[in-house]
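Below: one structure, written as structure tokens.
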Amino acid sequence: MLKEAKIITFPTPQAVVGPMLPKTLDTLSNEALCKLRDEIAEELKTRAESLRRTIDQLVGPTSSPNTEYRGRPKKGYKVAPKYKGPHGEKWSGRGKTPRWLTAAMSEGKQLNDFLIGGSKKNDVSGARH
């Protein structure tokens with residue numbers, strides 16, 4: 001009942017030693033090492049682009065890092081204050097209710113009394129009929 005497992009083999013990398021790559025790097029000058037580094041970076045970039053094209057052909061286009069959707073703003077994003085207290089305290093309306101507002105509401109005031117830039121009392125826009 002057991003199926004035979006397929007064995008996947010990958011080609012083994014072969015050491016390439018030619019005019020571009022010396023056997024030891026100890027004998028190269030700093031300038032030659034920098035040139036070699038740049039050549040390797042360019043080769044890696046070329047191979048990565050080739051692999052991206054192959055992947056695009058197989059599964060469809062992939063998004064590049066510059067056009068990728070970034071989602072929500074980062075944590076700690078500042079928002080404008082929505083409420084202002086009697087002593088100039090401000091609250092955005094997010095997070096835990098501040099002590100000054102809790103104390104004022106326990107004295108009988110309404111949240112709408114502290115709105116910034118909105119009509120405070122006799123606001124009929126939110127009333128249900």
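Every chain in the structure tokens takes a letter, A first, then B, and so on in the order presented; its residues are numbered from 1, and the ligands are numbered from 1 following the presented order.
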*For Gln110 in chain A, work out the shell of residues within 12 Å, counting only C-alpha atoms and skipping chain neighbours fewer than 3 positions away, then give it as a PyMOL selection string.*
chain A and resi 83+85+101-107+113-115+120-122
*Gap from CA of Leu44 in chain A to CA of Ser29 in chain A - Å, one decimal*: 22.4 Å
*Interatomic distance between CA of Glu43 in chain A and CA of Leu58 in chain A?*
22.8 Å
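In this comparison, which uses only C-alpha atoms, the residue of A:Asp56, A:Ile116, A:Thr46, A:Pro61 approaching Pro86 in chain A most closely is A:Ile116.
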*Residues at most 10 Å from Leu25 in chain A, counting only C-alpha atoms, excluding those fewer than 6 positions away in the same chain, as a PyMOL selection string?*
chain A and resi 32-33+36
*Any idea what the distance is between CA of Ser92 in chain A and CA of Lys78 in chain A?*
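Computed distance, CA of Ser92 in chain A to CA of Lys78 in chain A, equals 9.0 Å.
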